[in-house]
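*Asks:* Please find run-v6.pdb (PDB, C-alpha atoms) on the next line:
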```pdb
ATOM      1  CA  MET A   1     -26.884  10.690  17.701
ATOM      2  CA  VAL A   2     -24.859   9.948  14.582
ATOM      3  CA  THR A   3     -23.721  13.080  12.797
ATOM      4  CA  GLN A   4     -23.747  13.476   9.022
ATOM      5  CA  GLU A   5     -19.934  13.383   8.962
ATOM      6  CA  GLN A   6     -19.836  10.184  11.059
ATOM      7  CA  ARG A   7     -22.389   8.586   8.752
ATOM      8  CA  LYS A   8     -20.321   9.628   5.724
ATOM      9  CA  ARG A   9     -17.220   8.000   7.202
ATOM     10  CA  GLN A  10     -19.176   4.852   8.058
ATOM     11  CA  LEU A  11     -20.469   4.552   4.497
ATOM     12  CA  ALA A  12     -16.962   5.058   3.130
ATOM     13  CA  ARG A  13     -15.592   2.302   5.356
ATOM     14  CA  GLU A  14     -18.394  -0.071   4.391
ATOM     15  CA  LYS A  15     -17.804   0.628   0.698
ATOM     16  CA  PHE A  16     -14.096  -0.019   1.146
ATOM     17  CA  LEU A  17     -14.669  -3.334   2.916
ATOM     18  CA  ARG A  18     -17.068  -4.473   0.177
ATOM     19  CA  GLN A  19     -14.431  -3.672  -2.423
ATOM     20  CA  GLN A  20     -11.854  -5.698  -0.535
ATOM     21  CA  GLN A  21     -14.181  -8.702  -0.281
ATOM     22  CA  ARG A  22     -14.893  -8.622  -4.016
ATOM     23  CA  ARG A  23     -11.219  -8.391  -4.839
ATOM     24  CA  THR A  24     -10.299 -11.226  -2.489
ATOM     25  CA  ALA A  25     -12.926 -13.425  -4.186
ATOM     26  CA  ALA A  26     -11.562 -12.465  -7.582
ATOM     27  CA  ARG A  27      -8.021 -13.418  -6.577
ATOM     28  CA  ARG A  28      -9.172 -16.817  -5.296
ATOM     29  CA  LYS A  29     -10.982 -17.490  -8.553
ATOM     30  CA  ALA A  30      -7.883 -16.494 -10.496
ATOM     31  CA  ARG A  31      -5.686 -18.893  -8.506
ATOM     32  CA  VAL A  32      -8.031 -21.781  -9.302
ATOM     33  CA  ARG A  33      -7.964 -20.897 -12.990
ATOM     34  CA  ASN A  34      -4.165 -20.731 -12.979
ATOM     35  CA  SER A  35      -3.879 -24.200 -11.467
ATOM     36  CA  VAL A  36      -5.732 -25.572 -14.499
ATOM     37  CA  ILE A  37      -4.142 -23.413 -17.185
ATOM     38  CA  ALA A  38      -0.450 -23.963 -16.521
ATOM     39  CA  SER A  39       0.606 -21.673 -19.309
ATOM     40  CA  VAL A  40      -0.903 -18.649 -17.650
ATOM     41  CA  LEU A  41       2.008 -17.034 -15.850
ATOM     42  CA  GLY A  42       0.282 -14.121 -14.181
ATOM     43  CA  VAL A  43      -3.049 -12.784 -13.203
ATOM     44  CA  ILE A  44      -4.248  -9.212 -13.433
ATOM     45  CA  VAL A  45      -6.409  -8.708 -10.427
ATOM     46  CA  VAL A  46      -8.633  -5.688  -9.989
ATOM     47  CA  GLY A  47      -6.811  -3.943  -7.181
ATOM     48  CA  SER A  48      -8.009  -3.331  -3.853
ATOM     49  CA  LEU A  49      -7.441  -0.981  -1.120
ATOM     50  CA  THR A  50      -7.282  -4.600  -0.649
ATOM     51  CA  LEU A  51      -4.435  -2.260  -0.242
ATOM     52  CA  TYR A  52      -2.324  -5.455  -0.680
ATOM     53  CA  THR A  53      -4.621  -5.916  -2.801
ATOM     54  CA  THR A  54      -2.404  -8.492  -1.641
ATOM     55  CA  GLY A  55      -4.316  -6.699  -0.455
ATOM     56  CA  VAL A  56      -4.797  -0.114   0.924
ATOM     57  CA  LEU A  57      -5.637  -1.825   1.219
ATOM     58  CA  LYS A  58      -5.166  -4.776   0.766
ATOM     59  CA  ASP A  59      -1.868  -5.752  -0.249
ATOM     60  CA  ASP A  60      -2.170  -3.440  -0.050
ATOM     61  CA  ASP A  61      -3.747  -1.996   0.833
ATOM     62  CA  LYS A  62      -5.428   1.242   2.567
ATOM     63  CA  SER A  63      -3.356  -3.212   3.622
ATOM     64  CA  ASN A  64      -6.177  -1.773   4.630
ATOM     65  CA  ALA A  65      -4.899   0.450   4.356
ATOM     66  CA  SER A  66      -4.565  -1.548  -0.094
ATOM     67  CA  ALA A  67      -5.469  -0.165  -4.652
ATOM     68  CA  GLU A  68      -6.289  -0.391  -8.244
ATOM     69  CA  SER A  69      -9.144  -0.005 -10.641
ATOM     70  CA  THR A  70      -9.977  -0.846 -14.206
ATOM     71  CA  PRO A  71      -8.233   1.792 -16.343
ATOM     72  CA  SER A  72     -10.407   4.388 -18.010
ATOM     73  CA  ALA A  73     -11.057   3.895 -21.702
ATOM     74  CA  THR A  74     -10.296   7.555 -22.303
ATOM     75  CA  PRO A  75      -6.655   8.640 -21.856
ATOM     76  CA  SER A  76      -6.189  11.206 -19.119
ATOM     77  CA  ALA A  77      -5.628  14.776 -20.257
ATOM     78  CA  VAL A  78      -4.005  15.650 -16.928
ATOM     79  CA  GLU A  79      -0.402  16.782 -17.242
ATOM     80  CA  ASP A  80       2.045  14.384 -15.649
ATOM     81  CA  PRO A  81       3.909  16.286 -12.899
ATOM     82  CA  CYS A  82       6.664  13.686 -12.574
ATOM     83  CA  GLU A  83       9.917  12.865 -14.356
ATOM     84  CA  LYS A  84      10.704   9.884 -16.534
ATOM     85  CA  PRO A  85      11.788   6.749 -14.635
ATOM     86  CA  ALA A  86      15.471   5.969 -14.278
ATOM     87  CA  ALA A  87      16.911   3.265 -16.492
ATOM     88  CA  GLY A  88      16.512  -0.217 -15.095
ATOM     89  CA  SER A  89      14.023  -3.022 -14.706
ATOM     90  CA  VAL A  90      12.021  -4.601 -11.922
ATOM     91  CA  LYS A  91      13.570  -7.668 -10.336
ATOM     92  CA  SER A  92      11.448 -10.789 -10.216
ATOM     93  CA  GLN A  93      12.197 -12.384  -6.870
ATOM     94  CA  THR A  94      10.259 -14.357  -4.279
ATOM     95  CA  TRP A  95      11.182 -16.060  -1.046
ATOM     96  CA  LYS A  96       9.498 -18.893   0.827
ATOM     97  CA  LYS A  97      10.024 -17.559   4.333
ATOM     98  CA  GLU A  98      10.007 -14.245   6.121
ATOM     99  CA  PRO A  99      13.606 -13.017   6.425
ATOM    100  CA  ALA A 100      15.452 -13.615   9.671
ATOM    101  CA  MET A 101      15.415 -10.713  12.100
ATOM    102  CA  THR A 102      18.522  -8.598  11.534
ATOM    103  CA  ILE A 103      17.496  -5.098  12.604
ATOM    104  CA  ASP A 104      18.160  -3.582  16.008
ATOM    105  CA  LYS A 105      14.673  -3.104  17.447
ATOM    106  CA  SER A 106      15.904  -0.366  19.768
ATOM    107  CA  ALA A 107      17.482   1.688  16.983
ATOM    108  CA  LYS A 108      15.967   4.252  14.630
ATOM    109  CA  TYR A 109      15.565   3.490  10.940
ATOM    110  CA  THR A 110      14.486   5.510   7.940
ATOM    111  CA  MET A 111      13.341   4.482   4.481
ATOM    112  CA  LYS A 112      13.991   6.732   1.519
ATOM    113  CA  LEU A 113      11.931   6.355  -1.635
ATOM    114  CA  ALA A 114      13.663   8.145  -4.495
ATOM    115  CA  THR A 115      10.701   8.465  -6.855
ATOM    116  CA  THR A 116      10.121  10.091 -10.219
ATOM    117  CA  CYS A 117       7.997  12.680  -8.403
ATOM    118  CA  GLY A 118      10.496  13.530  -5.673
ATOM    119  CA  GLU A 119      12.033  11.988  -2.572
ATOM    120  CA  ILE A 120       9.780  10.572   0.122
ATOM    121  CA  ASP A 121      11.510  10.065   3.466
ATOM    122  CA  ILE A 122       9.841   7.827   6.028
ATOM    123  CA  ALA A 123      10.696   7.493   9.720
ATOM    124  CA  LEU A 124      10.201   3.807  10.519
ATOM    125  CA  LYS A 125       8.766   2.396  13.749
ATOM    126  CA  ALA A 126      11.241  -0.402  14.372
ATOM    127  CA  SER A 127      10.363  -1.025  18.015
ATOM    128  CA  ALA A 128       6.591  -1.081  17.406
ATOM    129  CA  ALA A 129       6.641  -2.983  14.094
ATOM    130  CA  PRO A 130       9.923  -4.925  13.993
ATOM    131  CA  HIS A 131       8.795  -7.649  11.573
ATOM    132  CA  THR A 132       7.541  -5.064   9.095
ATOM    133  CA  VAL A 133      10.608  -2.837   9.299
ATOM    134  CA  ASN A 134      12.909  -5.858   9.119
ATOM    135  CA  SER A 135      11.095  -7.055   5.999
ATOM    136  CA  PHE A 136      11.506  -3.715   4.224
ATOM    137  CA  ASN A 137      15.143  -3.572   5.276
ATOM    138  CA  PHE A 138      15.569  -6.966   3.606
ATOM    139  CA  LEU A 139      13.564  -6.115   0.467
ATOM    140  CA  ALA A 140      15.288  -2.770  -0.033
ATOM    141  CA  GLY A 141      18.653  -4.468   0.313
ATOM    142  CA  LYS A 142      17.680  -6.877  -2.458
ATOM    143  CA  GLY A 143      16.545  -4.056  -4.752
ATOM    144  CA  TYR A 144      13.040  -5.542  -4.717
ATOM    145  CA  LEU A 145      11.252  -2.173  -4.775
ATOM    146  CA  ASP A 146      13.545  -0.509  -7.306
ATOM    147  CA  HIS A 147      11.852   0.549 -10.578
ATOM    148  CA  THR A 148       8.401  -0.470  -9.297
ATOM    149  CA  LYS A 149       5.295   1.625  -9.948
ATOM    150  CA  CYS A 150       2.961   2.930  -7.292
ATOM    151  CA  HIS A 151      -0.102   1.387  -8.893
ATOM    152  CA  ARG A 152      -3.058   2.809  -6.986
ATOM    153  CA  LEU A 153      -4.367   6.182  -5.881
ATOM    154  CA  THR A 154      -7.628   6.743  -4.031
ATOM    155  CA  THR A 155      -9.206  10.183  -3.930
ATOM    156  CA  ASN A 156     -12.637   9.492  -2.487
ATOM    157  CA  GLY A 157     -13.517   8.184   0.976
ATOM    158  CA  ILE A 158      -9.932   7.259   1.760
ATOM    159  CA  TYR A 159      -6.861   9.096   0.516
ATOM    160  CA  VAL A 160      -3.866   6.883  -0.104
ATOM    161  CA  LEU A 161      -1.136   6.063  -2.602
ATOM    162  CA  GLN A 162      -0.392   2.335  -2.766
ATOM    163  CA  CYS A 163       3.003   0.972  -3.766
ATOM    164  CA  GLY A 164       5.236  -2.072  -3.321
ATOM    165  CA  ASP A 165       3.971  -4.455  -6.013
ATOM    166  CA  PRO A 166       6.608  -5.400  -8.619
ATOM    167  CA  THR A 167       3.877  -6.604 -10.986
ATOM    168  CA  GLY A 168       2.066  -3.259 -10.846
ATOM    169  CA  SER A 169      -1.240  -5.131 -10.809
ATOM    170  CA  GLY A 170      -2.040  -5.103  -7.098
ATOM    171  CA  SER A 171      -1.639  -8.866  -6.797
ATOM    172  CA  GLY A 172       2.123  -9.211  -6.382
ATOM    173  CA  GLY A 173       4.173  -9.958  -3.312
ATOM    174  CA  PRO A 174       7.486 -11.361  -2.044
ATOM    175  CA  GLY A 175       6.222 -14.919  -1.557
ATOM    176  CA  TYR A 176       6.084 -14.687   2.228
ATOM    177  CA  THR A 177       3.783 -12.889   4.648
ATOM    178  CA  ILE A 178       4.450 -11.011   7.858
ATOM    179  CA  PRO A 179       2.340 -10.644  11.004
ATOM    180  CA  ASP A 180       0.148  -7.673  11.792
ATOM    181  CA  GLU A 181       1.787  -5.272  14.230
ATOM    182  CA  ASN A 182       1.180  -2.015  16.067
ATOM    183  CA  LEU A 183      -2.583  -1.990  15.450
ATOM    184  CA  LYS A 184      -3.101  -0.076  18.686
ATOM    185  CA  ASP A 185      -0.716   2.705  17.727
ATOM    186  CA  LYS A 186      -1.616   5.866  19.607
ATOM    187  CA  SER A 187      -1.826   7.782  16.317
ATOM    188  CA  LEU A 188      -4.869   5.746  15.255
ATOM    189  CA  LYS A 189      -7.879   7.398  16.836
ATOM    190  CA  ASP A 190     -11.561   6.890  16.025
ATOM    191  CA  ASN A 191     -10.694   4.554  13.123
ATOM    192  CA  VAL A 192      -8.740   7.242  11.315
ATOM    193  CA  TYR A 193      -5.307   6.795   9.777
ATOM    194  CA  PRO A 194      -3.891  10.331   9.915
ATOM    195  CA  ALA A 195      -2.135  12.025   7.016
ATOM    196  CA  GLY A 196       1.512  11.001   6.878
ATOM    197  CA  THR A 197       0.898   7.424   8.022
ATOM    198  CA  VAL A 198       2.612   4.603   6.130
ATOM    199  CA  ALA A 199       0.867   1.257   6.615
ATOM    200  CA  MET A 200       0.765  -2.258   5.212
ATOM    201  CA  ALA A 201      -1.782  -3.446   2.693
ATOM    202  CA  ASN A 202      -3.208  -6.928   3.175
ATOM    203  CA  THR A 203      -5.793  -9.396   1.876
ATOM    204  CA  SER A 204      -8.368  -8.458   4.530
ATOM    205  CA  GLN A 205      -7.288 -11.486   6.520
ATOM    206  CA  PRO A 206      -5.014 -11.296   9.589
ATOM    207  CA  ASN A 207      -1.259 -11.566   9.132
ATOM    208  CA  THR A 208      -1.264 -11.375   5.330
ATOM    209  CA  GLY A 209       1.018  -8.394   4.751
ATOM    210  CA  GLY A 210       3.682  -8.805   2.088
ATOM    211  CA  SER A 211       5.454  -5.992   0.257
ATOM    212  CA  GLN A 212       2.560  -3.688  -0.644
ATOM    213  CA  PHE A 213       2.062  -0.600   1.479
ATOM    214  CA  PHE A 214       0.172   2.653   1.340
ATOM    215  CA  LEU A 215       0.976   6.251   2.150
ATOM    216  CA  VAL A 216      -1.840   8.380   3.565
ATOM    217  CA  TYR A 217      -1.862  11.910   2.162
ATOM    218  CA  GLN A 218      -5.082  13.009   3.922
ATOM    219  CA  ASP A 219      -6.812  11.702   7.059
ATOM    220  CA  SER A 220      -8.614   8.492   6.074
ATOM    221  CA  SER A 221     -11.306   6.509   7.873
ATOM    222  CA  LEU A 222     -10.212   2.863   8.020
ATOM    223  CA  PRO A 223     -10.559   0.051  10.533
ATOM    224  CA  PRO A 224      -7.331  -0.521  12.511
ATOM    225  CA  SER A 225      -6.390  -3.604  10.494
ATOM    226  CA  TYR A 226      -3.371  -2.294   8.628
ATOM    227  CA  THR A 227       0.017  -2.230  10.337
ATOM    228  CA  PRO A 228       1.197   1.395  10.715
ATOM    229  CA  PHE A 229       4.972   1.242  10.462
ATOM    230  CA  GLY A 230       6.183   4.692   9.464
ATOM    231  CA  THR A 231       5.580   8.419   9.140
ATOM    232  CA  VAL A 232       6.239  10.538   6.048
ATOM    233  CA  SER A 233       8.398  13.651   6.392
ATOM    234  CA  ALA A 234       7.023  17.116   5.653
ATOM    235  CA  GLU A 235       8.914  17.214   2.355
ATOM    236  CA  GLY A 236       7.560  13.795   1.478
ATOM    237  CA  MET A 237       4.014  14.991   2.134
ATOM    238  CA  THR A 238       4.544  17.748  -0.431
ATOM    239  CA  VAL A 239       5.427  15.059  -2.978
ATOM    240  CA  LEU A 240       2.370  12.979  -2.067
ATOM    241  CA  LYS A 241       0.047  15.950  -2.415
ATOM    242  CA  LYS A 242       1.496  16.711  -5.849
ATOM    243  CA  ILE A 243       0.758  13.145  -6.914
ATOM    244  CA  ALA A 244      -2.749  13.295  -5.471
ATOM    245  CA  ALA A 245      -3.478  16.615  -7.175
ATOM    246  CA  ALA A 246      -2.921  14.964 -10.574
ATOM    247  CA  GLY A 247      -5.749  12.516  -9.782
ATOM    248  CA  GLU A 248      -6.356   8.946 -10.891
ATOM    249  CA  ASN A 249      -7.283   7.519 -14.261
ATOM    250  CA  THR A 250     -10.862   6.343 -13.728
ATOM    251  CA  GLY A 251     -12.471   9.516 -12.484
ATOM    252  CA  ALA A 252     -14.248   7.387  -9.879
ATOM    253  CA  GLY A 253     -11.773   7.990  -7.082
ATOM    254  CA  ASP A 254      -9.866   4.685  -7.183
ATOM    255  CA  GLY A 255      -7.442   3.829  -9.968
ATOM    256  CA  ALA A 256      -3.910   4.177 -11.271
ATOM    257  CA  PRO A 257      -2.402   7.596 -10.585
ATOM    258  CA  ASN A 258      -2.235   9.976 -13.526
ATOM    259  CA  ALA A 259       1.241  10.883 -12.314
ATOM    260  CA  THR A 260       3.952   8.422 -13.324
ATOM    261  CA  VAL A 261       5.001   7.367  -9.820
ATOM    262  CA  VAL A 262       7.969   5.015 -10.001
ATOM    263  CA  ILE A 263      10.300   4.185  -7.131
ATOM    264  CA  ASN A 264      13.687   4.516  -8.809
ATOM    265  CA  LYS A 265      15.464   3.392  -5.642
ATOM    266  CA  ALA A 266      14.388   2.375  -2.145
ATOM    267  CA  THR A 267      16.859   2.331   0.737
ATOM    268  CA  VAL A 268      16.551   1.618   4.447
ATOM    269  CA  ALA A 269      19.175   3.019   6.790
ATOM    270  CA  LYS A 270      19.899   2.865  10.488
ATOM    271  CA  SER A 271      20.151   6.351  11.929
TER     272      SER A 271
END
```
Just give me the structure of the file as structure tokens.
*Replies:*
Amino acid sequence: MVTQEQRKRQLAREKFLRQQQRRTAARRKARVRNSVIASVLGVIVVGSLTLYTTGVLKDDDKSNASAESTPSATPSAVEDPCEKPAAGSVKSQTWKKEPAMTIDKSAKYTMKLATTCGEIDIALKASAAPHTVNSFNFLAGKGYLDHTKCHRLTTNGIYVLQCGDPTGSGSGGPGYTIPDENLKDKSLKDNVYPAGTVAMANTSQPNTGGSQFFLVYQDSSLPPSYTPFGTVSAEGMTVLKKIAAAGENTGAGDGAPNATVVINKATVAKS
């Protein structure tokens, strides 16, 4: 017999998947339009937990775990708990191919996100998700994530902060994609990504991860389609919860965070 809580989770997952499908269709339509209108340099795509939106989760995400929404017409009255971003600008870079493997798969790596809201330290799963960790090692080394905004916060159904898009629209990426990895991670039980998980956003299609990722600040029901590649430290979870407490700008549970979350500097280090 299906319990009320199980039914609630099922409905949340179904709603999330419908959102991803709509956003994927919107991105395809936008690409067609851009091929005709050569002067249009960019497209603002309604985000997805397509965490990738391109994907939470779609790339982003929940990558599945891909997330943005149309901004609210009324400015948020919520006090911003974060500091002003450091001086600097986002780098506009893309590459045609996934970077060559340079990490030591048997070693331990950490990623540090020095954000306007506090430091978020992430223990990376190099042996279980080598392509993903290698990609972030490459991108961090190029300064690709520096000065980028975390563009999406979800506070209903799934609970994630999505980052990694230099355009801040939910449609950006590094130009290459990486394969799905570690989808049978032992931490993923009963289609739940536990709090503290860091996973890739995607387009809802296999092997479409790029640079967008999401950080889970509360257990979230999601299909195991988003590469889990790291775990947030206890101190980092405190930062995430502060961001989540400020809410998002639509009031509907899926939009830009009210907190000004900017990654001033991202670094990956071998420990």
*Asks:* Show which residues sit within 6 Å of Ser220 in chain A, as a compact mmCIF listing (two decimals) with C-alpha atoms, in the coordinates of the input. Count all atoms listed in the file, and ignore same-chain residues fewer than 4 positions away.
*Replies:*
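Wrote out_31.txt, looks like this:
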```
# COMPACT_ATOMS: atom_id res chain seq x y z
CA ILE A 158 -9.93 7.26 1.76
CA TYR A 159 -6.86 9.10 0.52
CA VAL A 192 -8.74 7.24 11.32
CA TYR A 193 -5.31 6.80 9.78
```
*Asks:* Report as a list in words the full result of the PyMOL selection byres ((chain A and resi 127) around 10) when it is applied to this structure.
*Replies:*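 Checking the PyMOL selection byres ((chain A and resi 127) around 10) against this file, the residues are Ile103, Asp104, Lys105, Ser106, Ala107, Lys108, Tyr109, Leu124, Lys125, Ala126, Ala128, Ala129, Pro130, His131, Val133, Asn182 and Phe229 of chain A.
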*Asks:* Could you expand the PyMOL selection byres ((chain A and resi 173) around 6) into the explicit residues it covers here, written as a list in words?
*Replies:*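 Evaluating the PyMOL selection byres ((chain A and resi 173) around 6) on this file yields Gly172, Pro174, Gly175, Gly210 and Ser211 of chain A.
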*Asks:* CA of Thr267 in chain A to CA of Leu113 in chain A: how many Å, to one decimal?
*Replies:*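 Interatomic distance, CA of Thr267 in chain A to CA of Leu113 in chain A: 6.8 Å.
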*Asks:* Give as a list of chain:residue names the residues that the PyMOL selection byres ((chain A and resi 79-90) around 7) matches when applied to the coordinates above.
*Replies:*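 For this structure, the PyMOL selection byres ((chain A and resi 79-90) around 7) captures A:Ala77, A:Val78, A:Lys91, A:Ser92, A:Thr116, A:Cys117, A:Asp146, A:His147, A:Thr148, A:Pro166, A:Asn258, A:Ala259, A:Thr260, A:Val262, A:Asn264.
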*Asks:* Work out how far CA of Ser171 in chain A is from CA of Lys112 in chain A, in Å to one decimal.
*Replies:* 23.6 Å
*Asks:* Using all atoms listed in the file, determine which residues lie at most 8 Å from Pro194 in chain A, disregarding the query and same-chain residues fewer than 5 positions distant; provide the list as a ChimeraX atom specification.
*Replies:* /A:187-188,216,218-220
*Asks:* Could those selected residues go to a file with C-alpha atoms, as a CSV table (one decimal), in the frame of the given file?
*Replies:*
```csv
chain,number,residue,atom,x,y,z
A,187,SER,CA,-1.8,7.8,16.3
A,188,LEU,CA,-4.9,5.7,15.3
A,216,VAL,CA,-1.8,8.4,3.6
A,218,GLN,CA,-5.1,13.0,3.9
A,219,ASP,CA,-6.8,11.7,7.1
A,220,SER,CA,-8.6,8.5,6.1
```
*Asks:* When distances are computed from all atoms listed in the file, which of A:Ile263, A:Leu215, A:Val198, A:Met101 shows the smallest separation from Leu161 in chain A?
*Replies:*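 Comparing A:Ile263, A:Leu215, A:Val198, A:Met101 against Leu161 in chain A, the winner is A:Leu215.
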*Asks:* Taking all atoms listed in the file into account, which of A:Ile122, A:Cys150, A:Val268, A:Leu139 comes nearest Gly236 in chain A?
*Replies:* A:Ile122
*Asks:* Could you check the closest approach to Glu248 in chain A for each of A:Thr155, A:Thr132, A:Gln93, A:Asn207 and tell me which residue wins, using only C-alpha atoms?
*Replies:*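 Among A:Thr155, A:Thr132, A:Gln93, A:Asn207, it is A:Thr155 that comes nearest to Glu248 in chain A.
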*Asks:* Quick one: of A:Ala234, A:Ala140, A:Leu153, A:Leu145, who's nearest to Gly255 in chain A, counting only C-alpha atoms?
*Replies:*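 Selected residue with least distance to Gly255 in chain A: A:Leu153.
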*Asks:* Can you measure CA of Asn156 in chain A to CA of Ala252 in chain A for me? One decimal in Å is fine.
*Replies:* 7.9 Å
*Asks:* Smallest atom-to-atom distance to His151 in chain A: which of A:Gln205, A:Gly168, A:Ser135, A:Gly251, using all atoms listed in the file?
*Replies:*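 Using all atoms listed in the file, the shortest distance to His151 in chain A belongs to A:Gly168.
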*Asks:* Please rebuild range 122-140 of chain A with N, CA, C and O atoms and return the result as a PDB file, in the frame of the given file.
*Replies:*
```pdb
ATOM      1  N   ILE A 122      10.765   8.434   5.071  1.00  0.00           N
ATOM      2  CA  ILE A 122       9.841   7.827   6.028  1.00  0.00           C
ATOM      3  C   ILE A 122      10.601   7.434   7.292  1.00  0.00           C
ATOM      4  O   ILE A 122      11.597   6.699   7.220  1.00  0.00           O
ATOM      5  N   ALA A 123      10.145   7.921   8.437  1.00  0.00           N
ATOM      6  CA  ALA A 123      10.696   7.493   9.720  1.00  0.00           C
ATOM      7  C   ALA A 123      10.001   6.190  10.105  1.00  0.00           C
ATOM      8  O   ALA A 123       8.772   6.158  10.230  1.00  0.00           O
ATOM      9  N   LEU A 124      10.771   5.126  10.259  1.00  0.00           N
ATOM     10  CA  LEU A 124      10.201   3.807  10.519  1.00  0.00           C
ATOM     11  C   LEU A 124      10.058   3.529  12.011  1.00  0.00           C
ATOM     12  O   LEU A 124      10.831   4.033  12.830  1.00  0.00           O
ATOM     13  N   LYS A 125       9.060   2.721  12.354  1.00  0.00           N
ATOM     14  CA  LYS A 125       8.766   2.396  13.749  1.00  0.00           C
ATOM     15  C   LYS A 125       9.288   1.000  14.066  1.00  0.00           C
ATOM     16  O   LYS A 125       8.533   0.034  14.203  1.00  0.00           O
ATOM     17  N   ALA A 126      10.605   0.901  14.202  1.00  0.00           N
ATOM     18  CA  ALA A 126      11.241  -0.402  14.372  1.00  0.00           C
ATOM     19  C   ALA A 126      10.826  -1.118  15.653  1.00  0.00           C
ATOM     20  O   ALA A 126      10.617  -2.330  15.659  1.00  0.00           O
ATOM     21  N   SER A 127      10.701  -0.379  16.743  1.00  0.00           N
ATOM     22  CA  SER A 127      10.363  -1.025  18.015  1.00  0.00           C
ATOM     23  C   SER A 127       8.917  -1.496  18.052  1.00  0.00           C
ATOM     24  O   SER A 127       8.598  -2.519  18.646  1.00  0.00           O
ATOM     25  N   ALA A 128       8.019  -0.750  17.386  1.00  0.00           N
ATOM     26  CA  ALA A 128       6.591  -1.081  17.406  1.00  0.00           C
ATOM     27  C   ALA A 128       6.212  -2.083  16.309  1.00  0.00           C
ATOM     28  O   ALA A 128       5.252  -2.838  16.470  1.00  0.00           O
ATOM     29  N   ALA A 129       6.956  -2.093  15.221  1.00  0.00           N
ATOM     30  CA  ALA A 129       6.641  -2.983  14.094  1.00  0.00           C
ATOM     31  C   ALA A 129       7.923  -3.616  13.561  1.00  0.00           C
ATOM     32  O   ALA A 129       8.293  -3.422  12.397  1.00  0.00           O
ATOM     33  N   PRO A 130       8.610  -4.393  14.391  1.00  0.00           N
ATOM     34  CA  PRO A 130       9.923  -4.925  13.993  1.00  0.00           C
ATOM     35  C   PRO A 130       9.888  -5.869  12.793  1.00  0.00           C
ATOM     36  O   PRO A 130      10.791  -5.838  11.951  1.00  0.00           O
ATOM     37  N   HIS A 131       8.862  -6.724  12.700  1.00  0.00           N
ATOM     38  CA  HIS A 131       8.795  -7.649  11.573  1.00  0.00           C
ATOM     39  C   HIS A 131       8.630  -6.886  10.254  1.00  0.00           C
ATOM     40  O   HIS A 131       9.247  -7.225   9.236  1.00  0.00           O
ATOM     41  N   THR A 132       7.806  -5.854  10.296  1.00  0.00           N
ATOM     42  CA  THR A 132       7.541  -5.064   9.095  1.00  0.00           C
ATOM     43  C   THR A 132       8.777  -4.288   8.673  1.00  0.00           C
ATOM     44  O   THR A 132       9.169  -4.308   7.494  1.00  0.00           O
ATOM     45  N   VAL A 133       9.410  -3.608   9.616  1.00  0.00           N
ATOM     46  CA  VAL A 133      10.608  -2.837   9.299  1.00  0.00           C
ATOM     47  C   VAL A 133      11.735  -3.766   8.851  1.00  0.00           C
ATOM     48  O   VAL A 133      12.463  -3.470   7.889  1.00  0.00           O
ATOM     49  N   ASN A 134      11.878  -4.897   9.508  1.00  0.00           N
ATOM     50  CA  ASN A 134      12.909  -5.858   9.119  1.00  0.00           C
ATOM     51  C   ASN A 134      12.680  -6.360   7.697  1.00  0.00           C
ATOM     52  O   ASN A 134      13.631  -6.522   6.917  1.00  0.00           O
ATOM     53  N   SER A 135      11.427  -6.576   7.343  1.00  0.00           N
ATOM     54  CA  SER A 135      11.095  -7.055   5.999  1.00  0.00           C
ATOM     55  C   SER A 135      11.480  -6.014   4.947  1.00  0.00           C
ATOM     56  O   SER A 135      12.075  -6.350   3.913  1.00  0.00           O
ATOM     57  N   PHE A 136      11.153  -4.743   5.194  1.00  0.00           N
ATOM     58  CA  PHE A 136      11.506  -3.715   4.224  1.00  0.00           C
ATOM     59  C   PHE A 136      13.012  -3.484   4.169  1.00  0.00           C
ATOM     60  O   PHE A 136      13.552  -3.153   3.101  1.00  0.00           O
ATOM     61  N   ASN A 137      13.687  -3.652   5.280  1.00  0.00           N
ATOM     62  CA  ASN A 137      15.143  -3.572   5.276  1.00  0.00           C
ATOM     63  C   ASN A 137      15.713  -4.656   4.356  1.00  0.00           C
ATOM     64  O   ASN A 137      16.630  -4.406   3.556  1.00  0.00           O
ATOM     65  N   PHE A 138      15.151  -5.844   4.445  1.00  0.00           N
ATOM     66  CA  PHE A 138      15.569  -6.966   3.606  1.00  0.00           C
ATOM     67  C   PHE A 138      15.250  -6.706   2.134  1.00  0.00           C
ATOM     68  O   PHE A 138      16.117  -6.843   1.252  1.00  0.00           O
ATOM     69  N   LEU A 139      13.991  -6.311   1.853  1.00  0.00           N
ATOM     70  CA  LEU A 139      13.564  -6.115   0.467  1.00  0.00           C
ATOM     71  C   LEU A 139      14.329  -4.974  -0.204  1.00  0.00           C
ATOM     72  O   LEU A 139      14.725  -5.076  -1.376  1.00  0.00           O
ATOM     73  N   ALA A 140      14.544  -3.887   0.531  1.00  0.00           N
ATOM     74  CA  ALA A 140      15.288  -2.770  -0.033  1.00  0.00           C
ATOM     75  C   ALA A 140      16.721  -3.189  -0.344  1.00  0.00           C
ATOM     76  O   ALA A 140      17.285  -2.800  -1.380  1.00  0.00           O
TER      77      ALA A 140
END
```
